[in-house]
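structure_32.tsv (TSV, C-alpha atoms)
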chain	number	residue	atom	x	y	z
A	930	MET	CA	-16.46	-3.81	-7.80
A	931	LYS	CA	-15.14	-5.76	-4.83
A	932	ILE	CA	-13.85	-9.26	-5.53
A	933	ASN	CA	-12.93	-11.76	-2.82
A	934	CYS	CA	-10.53	-14.48	-3.94
A	935	ASN	CA	-9.28	-17.64	-2.28
A	936	TYR	CA	-6.44	-19.49	-3.95
A	937	ILE	CA	-3.53	-21.80	-3.14
A	938	SER	CA	-0.30	-19.86	-2.65
A	939	LYS	CA	2.99	-21.45	-3.62
A	940	CYS	CA	4.95	-19.03	-1.42
A	941	LEU	CA	2.84	-19.69	1.69
A	942	GLU	CA	1.96	-23.31	0.86
A	943	ARG	CA	-1.68	-22.86	1.83
A	944	ALA	CA	-4.90	-21.20	0.82
A	945	VAL	CA	-4.97	-17.41	1.18
A	946	ASP	CA	-7.69	-14.77	0.91
A	947	VAL	CA	-7.21	-11.69	-1.25
A	948	THR	CA	-9.67	-8.84	-1.81
A	949	LEU	CA	-9.43	-6.68	-4.91
A	950	ILE	CA	-11.31	-3.46	-5.54
A	951	ILE	CA	-11.53	-2.78	-9.26
A	952	PRO	CA	-13.24	0.34	-10.65
A	953	SER	CA	-16.53	-0.49	-12.34
A	954	PRO	CA	-19.53	1.41	-13.71
A	955	SER	CA	-21.37	3.43	-11.09
A	956	TYR	CA	-25.11	3.97	-10.75
A	957	PRO	CA	-24.80	7.46	-12.33
A	958	ASP	CA	-23.09	5.75	-15.28
A	959	ALA	CA	-25.86	3.18	-15.54
A	960	ILE	CA	-28.66	5.74	-15.72
A	961	GLY	CA	-26.77	8.00	-18.09
A	962	VAL	CA	-26.30	11.10	-15.93
A	963	THR	CA	-22.51	11.12	-16.30
A	964	LYS	CA	-20.38	11.66	-19.38
A	965	ASP	CA	-18.87	8.21	-18.96
A	966	LYS	CA	-20.08	5.53	-21.32
A	967	TYR	CA	-21.45	2.49	-19.51
A	968	SER	CA	-19.14	-0.41	-20.24
A	969	LEU	CA	-17.94	-3.50	-18.41
A	970	THR	CA	-14.78	-3.51	-20.51
A	971	PRO	CA	-12.13	-1.11	-19.12
A	972	GLU	CA	-10.62	1.32	-21.59
A	973	ALA	CA	-7.16	0.51	-20.24
A	974	LYS	CA	-5.57	-1.47	-17.43
A	975	TYR	CA	-5.82	0.14	-14.01
A	976	PRO	CA	-2.94	1.30	-11.82
A	977	VAL	CA	-2.79	-0.61	-8.55
A	978	LEU	CA	-2.21	0.06	-4.87
A	979	TYR	CA	-1.16	-2.86	-2.67
A	980	LEU	CA	-2.56	-1.84	0.71
A	981	LEU	CA	-1.14	-3.46	3.87
A	982	HIS	CA	-2.90	-3.69	7.24
A	983	GLY	CA	-1.50	-3.17	10.73
A	984	ILE	CA	-0.71	-5.53	13.58
A	985	GLY	CA	-3.69	-7.22	15.20
A	986	ASN	CA	-5.83	-6.61	12.11
A	987	ASN	CA	-6.37	-8.24	8.73
A	988	LYS	CA	-7.43	-7.01	5.30
A	989	GLU	CA	-10.96	-6.34	6.57
A	990	GLY	CA	-9.71	-3.36	8.57
A	991	TRP	CA	-9.03	-1.31	5.44
A	992	LEU	CA	-12.30	-2.46	3.90
A	993	GLY	CA	-14.46	-1.85	6.96
A	994	TYR	CA	-13.00	1.20	8.70
A	995	THR	CA	-12.10	3.33	5.66
A	996	ARG	CA	-13.71	4.38	2.39
A	997	ALA	CA	-11.10	2.51	0.36
A	998	GLU	CA	-13.68	1.25	-2.12
A	999	LEU	CA	-15.03	4.75	-2.74
A	1000	TYR	CA	-11.53	6.21	-3.23
A	1001	ALA	CA	-10.63	3.42	-5.66
A	1002	GLU	CA	-13.79	3.94	-7.72
A	1003	GLU	CA	-13.54	7.72	-7.77
A	1004	ASN	CA	-9.88	7.77	-8.77
A	1005	ASN	CA	-9.81	4.84	-11.22
A	1006	ILE	CA	-7.27	2.82	-9.27
A	1007	ALA	CA	-7.37	-0.83	-8.21
A	1008	ILE	CA	-6.66	-1.71	-4.57
A	1009	VAL	CA	-5.42	-5.11	-3.43
A	1010	CYS	CA	-5.64	-6.16	0.23
A	1011	ILE	CA	-4.28	-9.28	1.92
A	1012	SER	CA	-4.15	-10.65	5.45
A	1013	ALA	CA	-0.58	-11.12	6.70
A	1014	GLU	CA	-1.32	-11.90	10.36
A	1015	ASN	CA	1.29	-10.24	12.65
A	1016	LYS	CA	4.30	-11.15	10.51
A	1017	PHE	CA	5.38	-7.74	9.26
A	1018	TYR	CA	5.33	-8.95	5.63
A	1019	THR	CA	8.72	-10.62	6.19
A	1020	ASP	CA	9.87	-14.21	5.67
A	1021	ARG	CA	9.13	-16.73	8.41
A	1022	VAL	CA	9.79	-20.47	8.65
A	1023	GLY	CA	7.82	-22.12	5.85
A	1024	GLU	CA	6.30	-18.82	4.67
A	1025	LYS	CA	7.93	-16.70	1.96
A	1026	TRP	CA	6.05	-13.48	2.65
A	1027	GLU	CA	8.58	-11.34	0.82
A	1028	GLU	CA	8.26	-13.24	-2.44
A	1029	PHE	CA	4.50	-13.41	-1.95
A	1030	VAL	CA	4.13	-9.62	-1.71
A	1031	ARG	CA	6.60	-8.73	-4.48
A	1032	GLU	CA	6.05	-11.51	-7.00
A	1033	GLU	CA	3.11	-13.81	-6.44
A	1034	LEU	CA	0.49	-11.26	-5.48
A	1035	PRO	CA	1.18	-9.02	-8.52
A	1036	GLN	CA	1.14	-12.15	-10.70
A	1037	LEU	CA	-2.35	-12.93	-9.42
A	1038	ALA	CA	-3.61	-9.36	-9.72
A	1039	CYS	CA	-2.15	-8.59	-13.14
A	1040	GLY	CA	-2.68	-12.05	-14.56
A	1041	TYR	CA	-6.36	-12.49	-13.75
A	1042	PHE	CA	-7.63	-8.90	-13.66
A	1043	PRO	CA	-7.36	-5.70	-15.76
A	1044	ILE	CA	-4.49	-4.38	-13.66
A	1045	SER	CA	-1.26	-2.91	-14.99
A	1046	GLY	CA	2.06	-4.52	-14.15
A	1047	ARG	CA	4.16	-1.45	-15.05
A	1048	ARG	CA	6.32	-0.03	-12.30
A	1049	GLU	CA	4.92	3.43	-13.13
A	1050	ASP	CA	1.43	2.17	-12.24
A	1051	THR	CA	2.31	0.19	-9.11
A	1052	TYR	CA	2.15	1.55	-5.56
A	1053	ILE	CA	2.39	0.12	-2.06
A	1054	ALA	CA	1.24	1.59	1.26
A	1055	GLY	CA	0.23	0.57	4.74
A	1056	LEU	CA	-0.55	1.62	8.27
A	1057	SER	CA	1.52	0.86	11.39
A	1058	MET	CA	2.94	-2.65	10.79
A	1059	GLY	CA	1.81	-2.25	7.18
A	1060	GLY	CA	3.71	1.04	7.01
A	1061	TYR	CA	6.84	-0.86	7.96
A	1062	GLY	CA	6.01	-3.55	5.39
A	1063	ALA	CA	5.43	-1.03	2.63
A	1064	VAL	CA	8.71	0.81	3.22
A	1065	PHE	CA	10.64	-2.46	3.64
A	1066	HIS	CA	9.38	-3.82	0.32
A	1067	ALA	CA	9.84	-0.49	-1.47
A	1068	LEU	CA	13.48	-0.36	-0.34
A	1069	SER	CA	14.15	-4.05	-0.86
A	1070	ALA	CA	12.78	-4.03	-4.41
A	1071	PRO	CA	12.76	-0.37	-5.55
A	1072	GLY	CA	12.27	-1.42	-9.15
A	1073	LYS	CA	8.78	-2.67	-8.34
A	1074	TYR	CA	7.07	0.50	-7.12
A	1075	ALA	CA	6.62	4.08	-8.27
A	1076	ALA	CA	5.50	5.31	-4.85
A	1077	CYS	CA	5.23	4.11	-1.27
A	1078	GLY	CA	3.09	5.33	1.62
A	1079	SER	CA	3.66	4.83	5.33
A	1080	PHE	CA	0.88	6.01	7.64
A	1081	SER	CA	1.94	5.86	11.33
A	1082	GLY	CA	4.60	3.39	10.23
A	1083	ALA	CA	6.01	1.02	12.87
A	1084	ILE	CA	9.45	1.57	11.40
A	1085	GLU	CA	11.41	0.56	14.51
A	1086	LYS	CA	8.84	-1.76	16.06
A	1087	VAL	CA	9.29	-4.82	13.84
A	1088	ASP	CA	9.34	-8.17	15.65
A	1089	LEU	CA	12.51	-9.82	14.37
A	1090	THR	CA	12.35	-12.92	16.56
A	1091	GLN	CA	10.77	-15.12	13.90
A	1092	CYS	CA	12.21	-13.49	10.75
A	1093	ILE	CA	14.43	-15.42	8.39
A	1094	GLY	CA	17.65	-13.44	7.94
A	1095	SER	CA	19.78	-11.03	9.89
A	1096	ALA	CA	18.39	-8.14	11.91
A	1097	GLU	CA	20.36	-5.79	9.65
A	1098	LYS	CA	18.31	-6.94	6.65
A	1099	TYR	CA	15.15	-5.64	8.30
A	1100	ASN	CA	16.49	-2.38	9.72
A	1101	ILE	CA	14.73	0.32	7.71
A	1102	LEU	CA	17.17	3.16	8.44
A	1103	SER	CA	20.17	1.00	7.50
A	1104	LEU	CA	18.45	-0.25	4.36
A	1105	LEU	CA	17.50	3.31	3.37
A	1106	LYS	CA	21.10	4.50	3.81
A	1107	ARG	CA	22.44	1.59	1.78
A	1108	ARG	CA	20.03	2.18	-1.09
A	1109	ALA	CA	20.76	5.92	-1.14
A	1110	GLU	CA	24.51	5.30	-1.22
A	1111	GLU	CA	24.05	2.81	-4.07
A	1112	GLY	CA	22.22	5.46	-6.07
A	1113	ALA	CA	19.20	3.18	-6.44
A	1114	LYS	CA	16.16	4.50	-8.30
A	1115	LEU	CA	13.86	4.72	-5.31
A	1116	PRO	CA	10.10	5.23	-5.38
A	1117	LEU	CA	8.65	8.49	-4.12
A	1118	PHE	CA	7.76	8.26	-0.44
A	1119	TYR	CA	4.76	9.63	1.44
A	1120	LEU	CA	5.15	9.62	5.23
A	1121	SER	CA	2.54	10.72	7.73
A	1122	CYS	CA	1.74	10.42	11.41
A	1123	GLY	CA	-0.57	11.99	13.96
A	1124	GLU	CA	1.31	14.17	16.44
A	1125	ASN	CA	-0.39	12.46	19.40
A	1126	ASP	CA	0.55	8.98	18.18
A	1127	PHE	CA	2.73	6.86	20.50
A	1128	ILE	CA	4.71	5.86	17.39
A	1129	TYR	CA	5.27	9.42	16.17
A	1130	ASP	CA	9.02	9.45	16.84
A	1131	ASN	CA	9.45	6.47	14.48
A	1132	SER	CA	8.05	8.47	11.59
A	1133	VAL	CA	10.04	11.59	12.49
A	1134	ARG	CA	13.33	9.67	12.48
A	1135	LEU	CA	12.54	8.15	9.08
A	1136	GLU	CA	11.58	11.55	7.67
A	1137	GLN	CA	14.77	13.12	8.99
A	1138	ALA	CA	16.86	10.29	7.53
A	1139	MET	CA	15.25	10.76	4.11
A	1140	THR	CA	15.88	14.51	4.29
A	1141	ASN	CA	19.52	14.02	5.23
A	1142	LEU	CA	20.06	11.44	2.46
A	1143	GLY	CA	18.27	13.50	-0.18
A	1144	VAL	CA	15.53	10.91	-0.73
A	1145	ALA	CA	12.42	12.43	-2.35
A	1146	HIS	CA	9.43	12.31	-0.03
A	1147	ARG	CA	6.39	14.10	1.30
A	1148	TRP	CA	5.91	14.44	5.07
A	1149	GLU	CA	2.60	15.12	6.84
A	1150	SER	CA	2.71	15.72	10.58
A	1151	VAL	CA	-0.93	16.08	11.58
A	1152	GLU	CA	-2.07	17.71	14.81
A	1153	GLY	CA	-4.79	16.12	16.92
A	1154	PHE	CA	-4.59	12.50	15.80
A	1155	THR	CA	-3.30	9.36	17.46
A	1156	HIS	CA	-3.06	5.74	16.23
A	1157	GLU	CA	-6.58	5.64	14.78
A	1158	TRP	CA	-8.71	4.82	11.78
A	1159	ARG	CA	-10.00	8.37	11.19
A	1160	PHE	CA	-6.42	9.41	10.54
A	1161	TRP	CA	-5.66	6.45	8.27
A	1162	ASP	CA	-8.84	6.95	6.28
A	1163	MET	CA	-7.92	10.60	5.71
A	1164	GLN	CA	-4.36	9.69	4.78
A	1165	LEU	CA	-5.43	7.00	2.33
A	1166	GLU	CA	-7.48	9.53	0.36
A	1167	ARG	CA	-4.67	12.11	0.43
A	1168	PHE	CA	-2.11	9.52	-0.64
A	1169	ILE	CA	-4.21	8.36	-3.59
A	1170	LYS	CA	-4.70	11.93	-4.77
A	1171	TRP	CA	-0.95	12.62	-4.35
A	1172	LEU	CA	0.23	9.63	-6.39
A	1173	PRO	CA	2.55	10.50	-9.32
A	1174	ARG	CA	0.34	8.94	-11.95
A	1175	THR	CA	1.09	8.60	-15.65
A	1176	ASP	CA	-1.62	6.08	-16.55
A	1177	TYR	CA	-4.54	6.44	-18.98
A	1178	TYR	CA	-6.91	7.44	-16.16
A	1179	LYS	CA	-4.74	10.21	-14.69
A	1180	GLY	CA	-6.93	13.17	-13.74
A	1181	LYS	CA	-10.17	11.36	-14.61
A	1182	VAL	CA	-12.03	11.58	-11.31
A	1183	ARG	CA	-15.40	9.82	-11.43
A	1184	ASN	CA	-18.76	10.49	-9.80
A	1185	VAL	CA	-19.76	7.35	-7.94
Whole structure given in structure tokens:
Amino acid sequence: MKINCNYISKCLERAVDVTLIIPSPSYPDAIGVTKDKYSLTPEAKYPVLYLLHGIGNNKEGWLGYTRAELYAEENNIAIVCISAENKFYTDRVGEKWEEFVREELPQLACGYFPISGRREDTYIAGLSMGGYGAVFHALSAPGKYAACGSFSGAIEKVDLTQCIGSAEKYNILSLLKRRAEEGAKLPLFYLSCGENDFIYDNSVRLEQAMTNLGVAHRWESVEGFTHEWRFWDMQLERFIKWLPRTDYYKGKVRNV
């Protein structure tokens, strides 16, 4: 089930579009060829993945170029996509993107839909600019997320010229070191990049920093891929299957 919402955001002070994918009965369920009972009432609230797009794109990239809807339905996980323009999911003049991602968007998702608000059921991931955004939010508010994915993350490519706050606030490697030294309870990290990607060194430096600091993570260096949707589609499926789930639907893969 794909739901397109338009509502007035307090953080952004304007109308915003949000797309949610929520698992729903499949055709095999409807005609009785699966073991699942047909029901429009979920047996439990769904875990959720907040999925962030890259620079130059919007939420439609994930929905049009990948099989995000299929992966969500098969694996009993909700996916929430937003359009954040080219703003790296960071605060700008008149736009509180950080509060929007961490507070307001989950309030919408969990308040209006059968989506869990537990940290154990909440994940964030993104590609390129969205990879930066995912890691930034996971490190800035580690108590919000159980896992974070960065696919070809633009970790050192953030445009700080319009951000509200010091450059140090938005430096991922500095923020990672600070959180590790504090002994913060960090989410599990999943990092990946194609070996032919122009941004590959960004991901390698982040992976090495996590290794040196003892931060739990998985690293996938994949031969033959550049900055491209075939890679991100593949990584989205792998990430969803890798997630450290504890929810009611764990292990219950569906035929769609």
Residues within 8 Å of range 1143-1154 of chain A, all atoms listed in the file, excluding chain neighbours under 4 positions, as a PyMOL selection string
chain A and resi 1109+1115+1117-1126+1136+1139+1160
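Here CA of Met1163 in chain A is placed at a distance of 29.0 Å from CA of Glu972 in chain A.
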Non-local contacts of range 1046-1053 of chain A (8 Å; all atoms listed in the file; under 2 positions in same chain excluded) as a ChimeraX atom specification
/A:975-981,1035,1039,1044,1055,1063,1067,1072-1078,1174-1176
For a test of reading the model, state the distance in Å between CA of Ala944 in chain A and CA of Gly1059 in chain A, rounded to one decimal.
21.1 Å
Return as JSON the box centre and box size in Å, one decimal, for an axis-aligned box around all listed atoms of range 1072-1085 of chain A padded by 3 Å per side.
{"center_x": 6.6, "center_y": 1.7, "center_z": 2.7, "size_x": 17.4, "size_y": 14.7, "size_z": 29.7}
Near range 995-1012 of chain A, counting only C-alpha atoms, which residues have an atom at most 8 Å away, once you skip same-chain residues fewer than 3 positions from it, shown as a PyMOL selection string?
chain A and resi 931+946-953+975-982+986-988+990-992+1038+1044+1158-1159+1161-1162+1165-1166+1169-1170+1178+1180-1185
Please, what distance in Å, to one decimal, runs between CA of Leu1172 in chain A and CA of Leu1068 in chain A?
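Computing it gives 17.7 Å between the two atoms.
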Quick one: everything within 9 Å of Ala959 in chain A, counting all atoms listed in the file, minus sequence neighbours fewer than 6 positions away in the same chain. Send it as a ChimeraX atom specification.
/A:966-968
Within 10 Å of (15.6, -4.9, 10.2) (coordinates as in the file), grab all the protein and nucleic acid residues, counting all atoms listed in the file, and write them out as a list in words.
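Residues with an atom at most 10 Å from (15.6, -4.9, 10.2): Thr1019, Tyr1061, Phe1065, Ile1084, Glu1085, Lys1086, Val1087, Asp1088, Leu1089, Cys1092, Gly1094, Ser1095, Ala1096, Glu1097, Lys1098, Tyr1099, Asn1100, Ile1101, Leu1102, Ser1103 and Leu1104 of chain A.
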Non-local contacts of Gly1060 in chain A (7 Å; all atoms listed in the file; under 3 positions in same chain excluded) as a list in words:
Ala1054, Gly1055, Leu1056, Ser1057, Ala1063, Val1064, Gly1078, Ser1079, Phe1080, Ser1081, Gly1082 and Ala1083 of chain A
Considering only C-alpha atoms, state which residue in the set A:Arg1107, A:His1066, A:Phe1127, A:Asn1015 is at the smallest distance from Phe1029 in chain A.
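Closest to Phe1029 in chain A, using only C-alpha atoms: A:His1066.
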Could you write range 984-1000 of chain A as a CSV table (one decimal), in the frame of the given file, with N, CA, C and O atoms rebuilt where they are missing?
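As a result, part-v2.csv now contains:
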chain,number,residue,atom,x,y,z
A,984,ILE,N,-0.8,-4.4,12.7
A,984,ILE,CA,-0.7,-5.5,13.6
A,984,ILE,C,-2.1,-5.7,14.3
A,984,ILE,O,-2.7,-4.7,14.6
A,985,GLY,N,-2.4,-6.9,14.5
A,985,GLY,CA,-3.7,-7.2,15.2
A,985,GLY,C,-4.9,-7.1,14.3
A,985,GLY,O,-6.0,-7.4,14.7
A,986,ASN,N,-4.7,-6.7,13.1
A,986,ASN,CA,-5.8,-6.6,12.1
A,986,ASN,C,-5.7,-7.6,11.0
A,986,ASN,O,-4.7,-8.4,11.0
A,987,ASN,N,-6.5,-7.5,10.0
A,987,ASN,CA,-6.4,-8.2,8.7
A,987,ASN,C,-6.9,-7.3,7.6
A,987,ASN,O,-7.1,-6.1,7.9
A,988,LYS,N,-7.0,-7.9,6.4
A,988,LYS,CA,-7.4,-7.0,5.3
A,988,LYS,C,-8.8,-6.3,5.5
A,988,LYS,O,-9.1,-5.3,4.9
A,989,GLU,N,-9.6,-6.9,6.4
A,989,GLU,CA,-11.0,-6.3,6.6
A,989,GLU,C,-10.9,-5.0,7.3
A,989,GLU,O,-11.9,-4.2,7.2
A,990,GLY,N,-9.8,-4.7,7.9
A,990,GLY,CA,-9.7,-3.4,8.6
A,990,GLY,C,-9.8,-2.2,7.5
A,990,GLY,O,-10.6,-1.3,7.7
A,991,TRP,N,-9.0,-2.3,6.5
A,991,TRP,CA,-9.0,-1.3,5.4
A,991,TRP,C,-10.4,-1.3,4.8
A,991,TRP,O,-10.9,-0.2,4.4
A,992,LEU,N,-11.0,-2.4,4.6
A,992,LEU,CA,-12.3,-2.5,3.9
A,992,LEU,C,-13.5,-2.0,4.8
A,992,LEU,O,-14.5,-1.5,4.3
A,993,GLY,N,-13.3,-2.2,6.1
A,993,GLY,CA,-14.5,-1.8,7.0
A,993,GLY,C,-14.4,-0.5,7.6
A,993,GLY,O,-15.4,0.1,7.9
A,994,TYR,N,-13.2,0.0,7.9
A,994,TYR,CA,-13.0,1.2,8.7
A,994,TYR,C,-12.7,2.4,7.8
A,994,TYR,O,-12.6,3.5,8.3
A,995,THR,N,-12.4,2.2,6.6
A,995,THR,CA,-12.1,3.3,5.7
A,995,THR,C,-13.0,3.3,4.4
A,995,THR,O,-13.7,2.3,4.2
A,996,ARG,N,-12.9,4.3,3.6
A,996,ARG,CA,-13.7,4.4,2.4
A,996,ARG,C,-12.8,4.0,1.2
A,996,ARG,O,-12.9,4.6,0.1
A,997,ALA,N,-12.0,3.0,1.4
A,997,ALA,CA,-11.1,2.5,0.4
A,997,ALA,C,-11.8,2.2,-1.0
A,997,ALA,O,-11.3,2.6,-2.0
A,998,GLU,N,-13.0,1.6,-0.9
A,998,GLU,CA,-13.7,1.2,-2.1
A,998,GLU,C,-14.1,2.5,-2.9
A,998,GLU,O,-14.0,2.6,-4.1
A,999,LEU,N,-14.6,3.5,-2.1
A,999,LEU,CA,-15.0,4.8,-2.7
A,999,LEU,C,-13.8,5.4,-3.4
A,999,LEU,O,-13.9,5.9,-4.5
A,1000,TYR,N,-12.7,5.5,-2.7
A,1000,TYR,CA,-11.5,6.2,-3.2
A,1000,TYR,C,-11.0,5.5,-4.5
A,1000,TYR,O,-10.6,6.2,-5.4
